[in-house]
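Visitor: Data file work_21.pdb (PDB, C-alpha atoms and all ligand atoms) is appended below.
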```
ATOM      1  CA  LEU A   1     113.136 -29.430 107.267
ATOM      2  CA  ASN A   2     110.056 -30.883 105.716
ATOM      3  CA  PHE A   3     109.884 -30.323 101.985
ATOM      4  CA  TYR A   4     106.345 -31.611 101.674
ATOM      5  CA  ARG A   5     105.107 -29.143 104.297
ATOM      6  CA  GLN A   6     106.783 -26.340 102.337
ATOM      7  CA  ILE A   7     104.754 -27.334  99.291
ATOM      8  CA  GLU A   8     101.551 -27.507 101.333
ATOM      9  CA  ALA A   9     102.278 -24.081 102.824
ATOM     10  CA  ALA A  10     102.810 -22.595  99.359
ATOM     11  CA  VAL A  11      99.570 -24.128  98.111
ATOM     12  CA  ALA A  12      97.696 -22.766 101.137
ATOM     13  CA  LYS A  13      98.904 -19.271 100.208
ATOM     14  CA  ASN A  14      98.138 -19.890  96.525
ATOM     15  CA  ARG A  15     101.813 -19.372  95.696
ATOM     16  CA  LYS A  16     102.506 -21.144  92.405
ATOM     17  CA  LEU A  17     105.545 -23.423  92.240
ATOM     18  CA  LEU A  18     107.834 -24.060  89.283
ATOM     19  CA  SER A  19     110.069 -27.054  89.018
ATOM     20  CA  VAL A  20     112.829 -27.312  86.448
ATOM     21  CA  LEU A  21     113.438 -30.914  85.405
ATOM     22  CA  ILE A  22     116.968 -32.027  84.613
ATOM     23  CA  ASP A  23     117.557 -35.270  82.739
ATOM     24  CA  PRO A  24     120.943 -36.548  84.001
ATOM     25  CA  ASP A  25     121.662 -38.201  80.656
ATOM     26  CA  LYS A  26     121.542 -34.857  78.865
ATOM     27  CA  PHE A  27     123.296 -32.842  81.570
ATOM     28  CA  GLU A  28     126.887 -31.604  81.421
ATOM     29  CA  GLU A  29     128.223 -31.067  84.948
ATOM     30  CA  ASN A  30     130.638 -28.362  83.785
ATOM     31  CA  GLU A  31     127.662 -26.361  82.512
ATOM     32  CA  ALA A  32     125.696 -26.663  85.768
ATOM     33  CA  GLY A  33     126.448 -23.084  86.870
ATOM     34  CA  ALA A  34     125.471 -21.550  83.528
ATOM     35  CA  PHE A  35     122.327 -23.662  83.400
ATOM     36  CA  LEU A  36     121.227 -22.666  86.892
ATOM     37  CA  ASN A  37     121.810 -19.010  86.027
ATOM     38  CA  SER A  38     119.581 -19.347  82.977
ATOM     39  CA  ILE A  39     116.447 -20.730  84.656
ATOM     40  CA  PRO A  40     113.594 -18.409  85.710
ATOM     41  CA  GLU A  41     113.813 -16.457  88.950
ATOM     42  CA  ASN A  42     110.541 -17.993  90.161
ATOM     43  CA  THR A  43     111.962 -21.522  90.007
ATOM     44  CA  SER A  44     111.096 -23.160  93.338
ATOM     45  CA  HIS A  45     112.447 -26.688  92.881
ATOM     46  CA  ILE A  46     114.853 -28.738  90.790
ATOM     47  CA  PHE A  47     113.742 -32.211  89.753
ATOM     48  CA  VAL A  48     116.317 -34.746  88.579
ATOM     49  CA  GLY A  49     115.330 -37.849  86.684
ATOM     50  CA  GLY A  50     114.536 -39.519  83.405
ATOM     51  CA  SER A  51     112.949 -42.620  81.952
ATOM     52  CA  THR A  52     116.296 -44.252  81.304
ATOM     53  CA  VAL A  53     119.454 -42.980  82.965
ATOM     54  CA  GLU A  54     122.938 -44.464  82.922
ATOM     55  CA  LYS A  55     124.100 -45.727  86.305
ATOM     56  CA  ASN A  56     125.856 -43.146  88.558
ATOM     57  CA  GLN A  57     124.851 -40.288  86.257
ATOM     58  CA  THR A  58     122.097 -39.201  88.678
ATOM     59  CA  GLU A  59     124.503 -38.895  91.598
ATOM     60  CA  LYS A  60     126.978 -36.842  89.546
ATOM     61  CA  THR A  61     124.211 -34.549  88.340
ATOM     62  CA  VAL A  62     122.690 -34.041  91.787
ATOM     63  CA  LYS A  63     126.101 -33.271  93.304
ATOM     64  CA  ALA A  64     126.876 -30.704  90.600
ATOM     65  CA  ILE A  65     123.516 -28.999  91.148
ATOM     66  CA  LYS A  66     123.592 -29.091  94.949
ATOM     67  CA  ALA A  67     127.007 -27.423  94.899
ATOM     68  CA  ARG A  68     125.563 -24.450  93.038
ATOM     69  CA  THR A  69     122.043 -23.806  94.319
ATOM     70  CA  GLN A  70     120.013 -23.531  97.504
ATOM     71  CA  LEU A  71     116.867 -24.740  95.735
ATOM     72  CA  PRO A  72     115.470 -28.045  96.982
ATOM     73  CA  VAL A  73     116.506 -30.931  94.714
ATOM     74  CA  PHE A  74     113.944 -33.707  94.318
ATOM     75  CA  LEU A  75     114.569 -37.064  92.670
ATOM     76  CA  PHE A  76     112.003 -37.899  90.001
ATOM     77  CA  PRO A  77     113.250 -41.408  89.234
ATOM     78  CA  GLY A  78     112.367 -43.550  86.261
ATOM     79  CA  ASP A  79     113.653 -46.606  88.108
ATOM     80  CA  HIS A  80     115.249 -47.686  91.387
ATOM     81  CA  ASN A  81     118.799 -47.160  90.076
ATOM     82  CA  GLN A  82     118.232 -43.409  90.044
ATOM     83  CA  ILE A  83     118.235 -43.053  93.823
ATOM     84  CA  THR A  84     120.971 -41.127  95.580
ATOM     85  CA  ASP A  85     121.104 -39.687  99.094
ATOM     86  CA  ASP A  86     122.696 -36.527  97.710
ATOM     87  CA  ALA A  87     119.270 -35.072  96.871
ATOM     88  CA  ASP A  88     116.817 -33.625  99.410
ATOM     89  CA  ALA A  89     113.677 -35.598  98.675
ATOM     90  CA  ILE A  90     112.306 -38.280  96.396
ATOM     91  CA  LEU A  91     108.975 -38.398  94.635
ATOM     92  CA  PHE A  92     108.098 -41.993  95.480
ATOM     93  CA  LEU A  93     106.150 -42.564  92.297
ATOM     94  CA  SER A  94     103.523 -45.133  91.568
ATOM     95  CA  LEU A  95     102.289 -45.168  87.955
ATOM     96  CA  ILE A  96      98.621 -45.443  88.865
ATOM     97  CA  SER A  97      97.318 -44.762  85.341
ATOM     98  CA  GLY A  98      98.985 -47.992  84.219
ATOM     99  CA  ARG A  99      98.345 -51.631  84.924
ATOM    100  CA  ASN A 100     101.927 -52.821  84.974
ATOM    101  CA  PRO A 101     102.746 -54.187  88.457
ATOM    102  CA  GLU A 102     106.447 -53.429  87.913
ATOM    103  CA  TYR A 103     105.702 -49.675  88.005
ATOM    104  CA  LEU A 104     102.930 -49.908  90.589
ATOM    105  CA  ILE A 105     104.977 -51.761  93.236
ATOM    106  CA  GLY A 106     107.908 -53.721  91.713
ATOM    107  CA  GLN A 107     110.393 -50.868  91.370
ATOM    108  CA  GLN A 108     109.238 -49.524  94.732
ATOM    109  CA  VAL A 109     110.168 -52.779  96.493
ATOM    110  CA  LYS A 110     113.536 -52.829  94.712
ATOM    111  CA  SER A 111     114.253 -49.306  95.969
ATOM    112  CA  VAL A 112     113.862 -50.197  99.647
ATOM    113  CA  VAL A 113     117.448 -51.369 100.023
ATOM    114  CA  LYS A 114     118.511 -47.777  99.285
ATOM    115  CA  LEU A 115     115.637 -46.045 101.059
ATOM    116  CA  ARG A 116     115.605 -47.891 104.381
ATOM    117  CA  ASN A 117     118.299 -45.754 105.926
ATOM    118  CA  THR A 118     118.064 -42.787 103.631
ATOM    119  CA  SER A 119     118.239 -39.117 104.515
ATOM    120  CA  LEU A 120     115.886 -38.358 101.608
ATOM    121  CA  GLU A 121     112.393 -37.205 102.450
ATOM    122  CA  ILE A 122     110.088 -39.746 100.820
ATOM    123  CA  ILE A 123     106.957 -38.251  99.272
ATOM    124  CA  PRO A 124     104.326 -40.757  98.046
ATOM    125  CA  THR A 125     103.168 -39.567  94.633
ATOM    126  CA  GLY A 126     100.375 -40.802  92.371
ATOM    127  CA  TYR A 127     101.770 -40.532  88.841
ATOM    128  CA  ILE A 128      99.169 -40.395  86.074
ATOM    129  CA  LEU A 129     100.192 -40.651  82.425
ATOM    130  CA  ILE A 130      97.899 -38.796  80.037
ATOM    131  CA  ASP A 131      98.006 -38.926  76.246
ATOM    132  CA  GLY A 132     100.151 -36.045  75.026
ATOM    133  CA  GLY A 133      99.604 -36.719  71.335
ATOM    134  CA  ASN A 134     102.868 -38.584  70.761
ATOM    135  CA  GLU A 135     104.293 -41.749  72.292
ATOM    136  CA  SER A 136     106.110 -40.738  75.471
ATOM    137  CA  ALA A 137     109.219 -42.288  76.963
ATOM    138  CA  VAL A 138     107.167 -43.171  80.064
ATOM    139  CA  GLN A 139     104.693 -45.106  77.908
ATOM    140  CA  ARG A 140     107.498 -46.912  76.078
ATOM    141  CA  VAL A 141     109.564 -47.792  79.136
ATOM    142  CA  SER A 142     106.675 -48.685  81.455
ATOM    143  CA  ASN A 143     104.758 -50.486  78.728
ATOM    144  CA  THR A 144     101.495 -48.914  79.902
ATOM    145  CA  GLU A 145      98.761 -46.999  78.110
ATOM    146  CA  PRO A 146      98.224 -43.303  78.814
ATOM    147  CA  ILE A 147      94.673 -42.183  79.623
ATOM    148  CA  PRO A 148      93.127 -40.272  76.682
ATOM    149  CA  GLN A 149      92.499 -36.588  77.401
ATOM    150  CA  PHE A 150      88.762 -36.908  76.724
ATOM    151  CA  GLU A 151      88.393 -39.432  79.562
ATOM    152  CA  VAL A 152      88.230 -36.711  82.183
ATOM    153  CA  ASN A 153      86.215 -38.812  84.631
ATOM    154  CA  ALA A 154      88.697 -41.681  84.473
ATOM    155  CA  ILE A 155      91.526 -39.222  85.175
ATOM    156  CA  VAL A 156      89.670 -37.650  88.127
ATOM    157  CA  ASN A 157      88.808 -41.087  89.535
ATOM    158  CA  THR A 158      92.417 -42.242  89.176
ATOM    159  CA  ALA A 159      93.635 -39.144  91.018
ATOM    160  CA  LEU A 160      91.107 -39.701  93.818
ATOM    161  CA  ALA A 161      92.008 -43.395  94.080
ATOM    162  CA  GLY A 162      95.594 -42.193  94.523
ATOM    163  CA  GLN A 163      94.584 -39.786  97.277
ATOM    164  CA  TYR A 164      92.527 -42.461  99.036
ATOM    165  CA  SER A 165      95.581 -44.778  98.854
ATOM    166  CA  GLY A 166      97.593 -42.209 100.789
ATOM    167  CA  LYS A 167      99.485 -40.439  98.027
ATOM    168  CA  LYS A 168     100.591 -36.967  99.137
ATOM    169  CA  LEU A 169     100.872 -35.519  95.631
ATOM    170  CA  ILE A 170      99.168 -36.122  92.302
ATOM    171  CA  TYR A 171     101.308 -35.679  89.174
ATOM    172  CA  LEU A 172      99.548 -35.407  85.808
ATOM    173  CA  GLU A 173     102.122 -36.240  83.121
ATOM    174  CA  ALA A 174     101.630 -35.674  79.383
ATOM    175  CA  GLY A 175     105.152 -37.005  78.748
ATOM    176  CA  SER A 176     108.406 -35.172  78.167
ATOM    177  CA  GLY A 177     108.191 -33.272  74.887
ATOM    178  CA  ALA A 178     104.439 -33.834  74.646
ATOM    179  CA  ARG A 179     102.793 -32.273  71.618
ATOM    180  CA  ILE A 180      99.636 -31.587  73.651
ATOM    181  CA  PRO A 181     100.017 -30.627  77.330
ATOM    182  CA  VAL A 182      97.400 -31.701  79.891
ATOM    183  CA  SER A 183      94.228 -29.697  79.128
ATOM    184  CA  GLU A 184      92.879 -26.946  81.345
ATOM    185  CA  GLU A 185      89.631 -28.915  81.611
ATOM    186  CA  ILE A 186      91.464 -31.908  83.126
ATOM    187  CA  ILE A 187      93.530 -29.706  85.453
ATOM    188  CA  ALA A 188      90.433 -27.899  86.739
ATOM    189  CA  ALA A 189      88.465 -31.124  87.250
ATOM    190  CA  VAL A 190      91.284 -32.885  89.119
ATOM    191  CA  LYS A 191      92.119 -29.830  91.239
ATOM    192  CA  LYS A 192      88.464 -29.506  92.244
ATOM    193  CA  ALA A 193      88.294 -33.178  93.265
ATOM    194  CA  ILE A 194      91.498 -33.670  95.274
ATOM    195  CA  ASP A 195      92.700 -32.166  98.558
ATOM    196  CA  ILE A 196      96.424 -32.713  97.956
ATOM    197  CA  PRO A 197      98.819 -30.596  95.843
ATOM    198  CA  LEU A 198      98.663 -31.011  92.066
ATOM    199  CA  ILE A 199     101.755 -31.259  89.858
ATOM    200  CA  VAL A 200     101.473 -31.049  86.073
ATOM    201  CA  GLY A 201     104.136 -31.476  83.395
ATOM    202  CA  GLY A 202     104.829 -32.428  79.823
ATOM    203  CA  GLY A 203     105.010 -30.197  76.751
ATOM    204  CA  ILE A 204     104.813 -26.817  78.526
ATOM    205  CA  ARG A 205     106.878 -24.222  76.670
ATOM    206  CA  THR A 206     105.353 -20.749  76.510
ATOM    207  CA  THR A 207     104.629 -18.362  79.369
ATOM    208  CA  GLN A 208     101.024 -18.267  78.156
ATOM    209  CA  GLN A 209     100.751 -22.063  78.596
ATOM    210  CA  GLN A 210     102.219 -21.680  82.070
ATOM    211  CA  ARG A 211      99.775 -18.955  83.044
ATOM    212  CA  LYS A 212      96.776 -20.925  81.756
ATOM    213  CA  ALA A 213      97.872 -24.067  83.609
ATOM    214  CA  TYR A 214      98.273 -22.141  86.869
ATOM    215  CA  GLU A 215      94.910 -20.439  86.390
ATOM    216  CA  ALA A 216      93.265 -23.822  85.795
ATOM    217  CA  GLY A 217      94.562 -25.014  89.185
ATOM    218  CA  VAL A 218      98.111 -26.363  88.887
ATOM    219  CA  ASP A 219     100.100 -25.940  92.108
ATOM    220  CA  MET A 220     103.467 -26.950  90.658
ATOM    221  CA  LEU A 221     104.438 -26.947  86.998
ATOM    222  CA  VAL A 222     107.313 -29.077  85.768
ATOM    223  CA  ILE A 223     109.251 -27.927  82.726
ATOM    224  CA  GLY A 224     112.169 -29.880  81.265
ATOM    225  CA  THR A 225     112.601 -29.886  77.494
ATOM    226  CA  HIS A 226     112.047 -26.136  77.081
ATOM    227  CA  PHE A 227     114.938 -25.197  79.404
ATOM    228  CA  GLU A 228     117.092 -28.036  78.145
ATOM    229  CA  GLU A 229     116.855 -26.478  74.679
TER     230      GLU A 229
HETATM  231  C1  LIG B 301     108.399 -34.789  81.960
HETATM  232  O1  LIG B 301     106.675 -33.537  82.986
HETATM  233  C2  LIG B 301     107.997 -33.504  82.608
HETATM  234  O2  LIG B 301     108.427 -35.819  82.884
HETATM  235  C3  LIG B 301     108.378 -32.305  81.780
HETATM  236  O3  LIG B 301     108.091 -32.434  80.408
HETATM  237  O4  LIG B 301     110.189 -32.075  79.135
HETATM  238  O5  LIG B 301     107.965 -31.642  78.076
HETATM  239  O6  LIG B 301     108.847 -30.114  79.837
HETATM  240  P1  LIG B 301     108.819 -31.504  79.318
END
```
Since I need it in another form, could you write the structure as structure tokens?
Guide:
Amino acid sequence: LNFYRQIEAAVAKNRKLLSVLIDPDKFEENEAGAFLNSIPENTSHIFVGGSTVEKNQTEKTVKAIKARTQLPVFLFPGDHNQITDDADAILFLSLISGRNPEYLIGQQVKSVVKLRNTSLEIIPTGYILIDGGNESAVQRVSNTEPIPQFEVNAIVNTALAGQYSGKKLIYLEAGSGARIPVSEEIIAAVKKAIDIPLIVGGGIRTTQQQRKAYEAGVDMLVIGTHFEE
């Protein structure tokens, strides 16, 4: 099984993907079944991760989810401690909007001890933090600046630099609970520029926001807070 190829195949057919993000710190394992029953029918993936997660909580969460769904479970780790072989794949993130070496390569090197012999599919991902109108956990924890939404060229160039570096996915992140999701203008400009699948998340709540994001060119939307609530 190749989870990346599945994403590429969906994109080729213009099938829109929806990923539900679970923050292990806010997840109750005994409610896993009820939670999975409550998410939309068109959910294609489960992401598990957070900016700060207590040790071992990721593994417990992934196990509880895997026991109750056939959906692919991807790690979306805030740091190298959030890696467990119980998931299917890992978004191997590099925070390319930032200029903090710890989140460009430091955490990645620290994760190798767990990834060397892993069964996880490793998917190189260019992670771009965009200003969502309020300070995000990613900004706080990574100690990096988000790119302002009006700097569309800088965002496009960052995404392309990611693609040229060999990233297989580009993830535009407004931050969990963002007041202002990534604009349609940015989505359209990035989608037009890159040849790899585009993930967008942060602050998406309504079905209208979802529809507009897909129409602008998002291949996979990530929604966390809305379903958590
Ligand atoms: C955060 O992009 C995700 O990393 C999802 O954000 O929690 O605002 O849906 P929300």
Visitor: For this file, the PyMOL selection byres (((not hetatm)) within 6 of (chain B and resi 301)) selects which residues, as a PyMOL selection string?
Guide: chain A and resi 173+175-178+201-204+222-226
Visitor: When the PyMOL selection byres (((chain A and resi 150-163) around 12) and not hetatm) is applied to the structure above, which residues does it catch, written out as a PyMOL selection string?
Guide: chain A and resi 93-99+104+124-132+146-149+164-173+182-199
Visitor: Limited to C-alpha atoms, could you put the picked residues into a file as a CSV table (one decimal), in the coordinates of the input?
Guide:
```
chain,number,residue,atom,x,y,z
A,93,LEU,CA,106.2,-42.6,92.3
A,94,SER,CA,103.5,-45.1,91.6
A,95,LEU,CA,102.3,-45.2,88.0
A,96,ILE,CA,98.6,-45.4,88.9
A,97,SER,CA,97.3,-44.8,85.3
A,98,GLY,CA,99.0,-48.0,84.2
A,99,ARG,CA,98.3,-51.6,84.9
A,104,LEU,CA,102.9,-49.9,90.6
A,124,PRO,CA,104.3,-40.8,98.0
A,125,THR,CA,103.2,-39.6,94.6
A,126,GLY,CA,100.4,-40.8,92.4
A,127,TYR,CA,101.8,-40.5,88.8
A,128,ILE,CA,99.2,-40.4,86.1
A,129,LEU,CA,100.2,-40.7,82.4
A,130,ILE,CA,97.9,-38.8,80.0
A,131,ASP,CA,98.0,-38.9,76.2
A,132,GLY,CA,100.2,-36.0,75.0
A,146,PRO,CA,98.2,-43.3,78.8
A,147,ILE,CA,94.7,-42.2,79.6
A,148,PRO,CA,93.1,-40.3,76.7
A,149,GLN,CA,92.5,-36.6,77.4
A,164,TYR,CA,92.5,-42.5,99.0
A,165,SER,CA,95.6,-44.8,98.9
A,166,GLY,CA,97.6,-42.2,100.8
A,167,LYS,CA,99.5,-40.4,98.0
A,168,LYS,CA,100.6,-37.0,99.1
A,169,LEU,CA,100.9,-35.5,95.6
A,170,ILE,CA,99.2,-36.1,92.3
A,171,TYR,CA,101.3,-35.7,89.2
A,172,LEU,CA,99.5,-35.4,85.8
A,173,GLU,CA,102.1,-36.2,83.1
A,182,VAL,CA,97.4,-31.7,79.9
A,183,SER,CA,94.2,-29.7,79.1
A,184,GLU,CA,92.9,-26.9,81.3
A,185,GLU,CA,89.6,-28.9,81.6
A,186,ILE,CA,91.5,-31.9,83.1
A,187,ILE,CA,93.5,-29.7,85.5
A,188,ALA,CA,90.4,-27.9,86.7
A,189,ALA,CA,88.5,-31.1,87.2
A,190,VAL,CA,91.3,-32.9,89.1
A,191,LYS,CA,92.1,-29.8,91.2
A,192,LYS,CA,88.5,-29.5,92.2
A,193,ALA,CA,88.3,-33.2,93.3
A,194,ILE,CA,91.5,-33.7,95.3
A,195,ASP,CA,92.7,-32.2,98.6
A,196,ILE,CA,96.4,-32.7,98.0
A,197,PRO,CA,98.8,-30.6,95.8
A,198,LEU,CA,98.7,-31.0,92.1
A,199,ILE,CA,101.8,-31.3,89.9
```
Visitor: Name all residues at most 10 Å from Glu28 in chain A (count all atoms listed in the file; drop same-chain ones fewer than 4 positions away) and give them as a VMD selection string.
Guide: chain A and resid 24 32 35 60 to 61 64
Visitor: Looking at all atoms listed in the file, which of A:Glu41, A:Asp79, A:Asp88, A:Glu228 is the one that sits closest to Leu17 in chain A?
Guide: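 Comparing A:Glu41, A:Asp79, A:Asp88, A:Glu228 against Leu17 in chain A, the winner is A:Glu41.
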Visitor: Translate the PyMOL selection byres (((chain A and resi 90) around 8) and not hetatm) into a concrete residue list for this structure, as a PyMOL selection string.
Guide: chain A and resi 74-77+87-89+91-92+120-123
Visitor: If we count all atoms listed in the file and set the cut-off at 7 Å, which residues sit around Ile46 in chain A, ignoring sequence neighbours fewer than 2 positions away in its own chain? Please answer as a ChimeraX atom specification.
Guide: /A:19-21,48,71-74
Visitor: Once you have the residues from the selection above, write them out as a PDB file, in the coordinates of the input, restricted to C-alpha atoms.
Guide:
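Heads up, here's the output in part27.pdb:
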```
ATOM      1  CA  SER A  19     110.069 -27.054  89.018  1.00  0.00           C
ATOM      2  CA  VAL A  20     112.829 -27.312  86.448  1.00  0.00           C
ATOM      3  CA  LEU A  21     113.438 -30.914  85.405  1.00  0.00           C
ATOM      4  CA  VAL A  48     116.317 -34.746  88.579  1.00  0.00           C
ATOM      5  CA  LEU A  71     116.867 -24.740  95.735  1.00  0.00           C
ATOM      6  CA  PRO A  72     115.470 -28.045  96.982  1.00  0.00           C
ATOM      7  CA  VAL A  73     116.506 -30.931  94.714  1.00  0.00           C
ATOM      8  CA  PHE A  74     113.944 -33.707  94.318  1.00  0.00           C
TER       9      PHE A  74
END
```
Visitor: Take CA of Gln82 in chain A and CA of Ala213 in chain A and report the distance between them in Å, one decimal.
Guide: 28.8 Å
Visitor: Return as JSON the centre and edge lengths, in Å with one decimal, of the box along x, y and z that encloses every atom of range 173-179 of chain A in the file, padded by 6 Å per side.
Guide:
```
{"center_x": 105.0, "center_y": -34.6, "center_z": 77.4, "size_x": 18.8, "size_y": 16.7, "size_z": 23.5}
```
Visitor: Of the candidates A:Ile105, A:Ala34, A:Val138, A:Val218, which shows the shortest atom-to-atom distance to Val11 in chain A, using all atoms listed in the file?
Guide: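 Closest candidate: A:Val218.
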Visitor: Do a neighbour search on range 52-55 of chain A at 7 Å with all atoms listed in the file, toss out local chain neighbours closer than 5 positions, and write the hits as a list of chain:residue names.
Guide: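 Final neighbour list, sorted by chain and number: A:Pro24, A:Asp25, A:Gly78, A:Asn81.
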Visitor: CA of Ile83 in chain A and CA of Gln210 in chain A, how far apart in Å?
Guide: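 Calculated distance between CA of Gln210 in chain A and CA of Ile83 in chain A is 29.2 Å.
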Visitor: Measuring between only C-alpha atoms, which one of A:Arg211, A:Lys26, A:Lys66, A:Lys13 shows the shortest distance to His45 in chain A?
Guide: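 Closest candidate: A:Lys66.
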Visitor: Which residue is closest to Pro181 in chain A? Choose from A:Arg15, A:Asn134, A:Asp219, A:Asn100 and count only C-alpha atoms.
Guide: A:Asn134
Visitor: Using Å and a single decimal, report how far CA of Glu145 in chain A sits from CA of Gly50 in chain A.
Guide: 18.2 Å
Visitor: For a quick check of understanding, using only C-alpha atoms, which of A:Glu31, A:Gly133, A:Thr84, A:Gln139 has the smallest distance to Val113 in chain A?
Guide: A:Thr84
Visitor: May I ask which of the residues A:Ile7, A:Ala174, A:Ile65, A:Met220 is the closest one to Leu36 in chain A, counting only C-alpha atoms?
Guide: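 Of A:Ile7, A:Ala174, A:Ile65, A:Met220, the one nearest Leu36 in chain A is A:Ile65, counting only C-alpha atoms.
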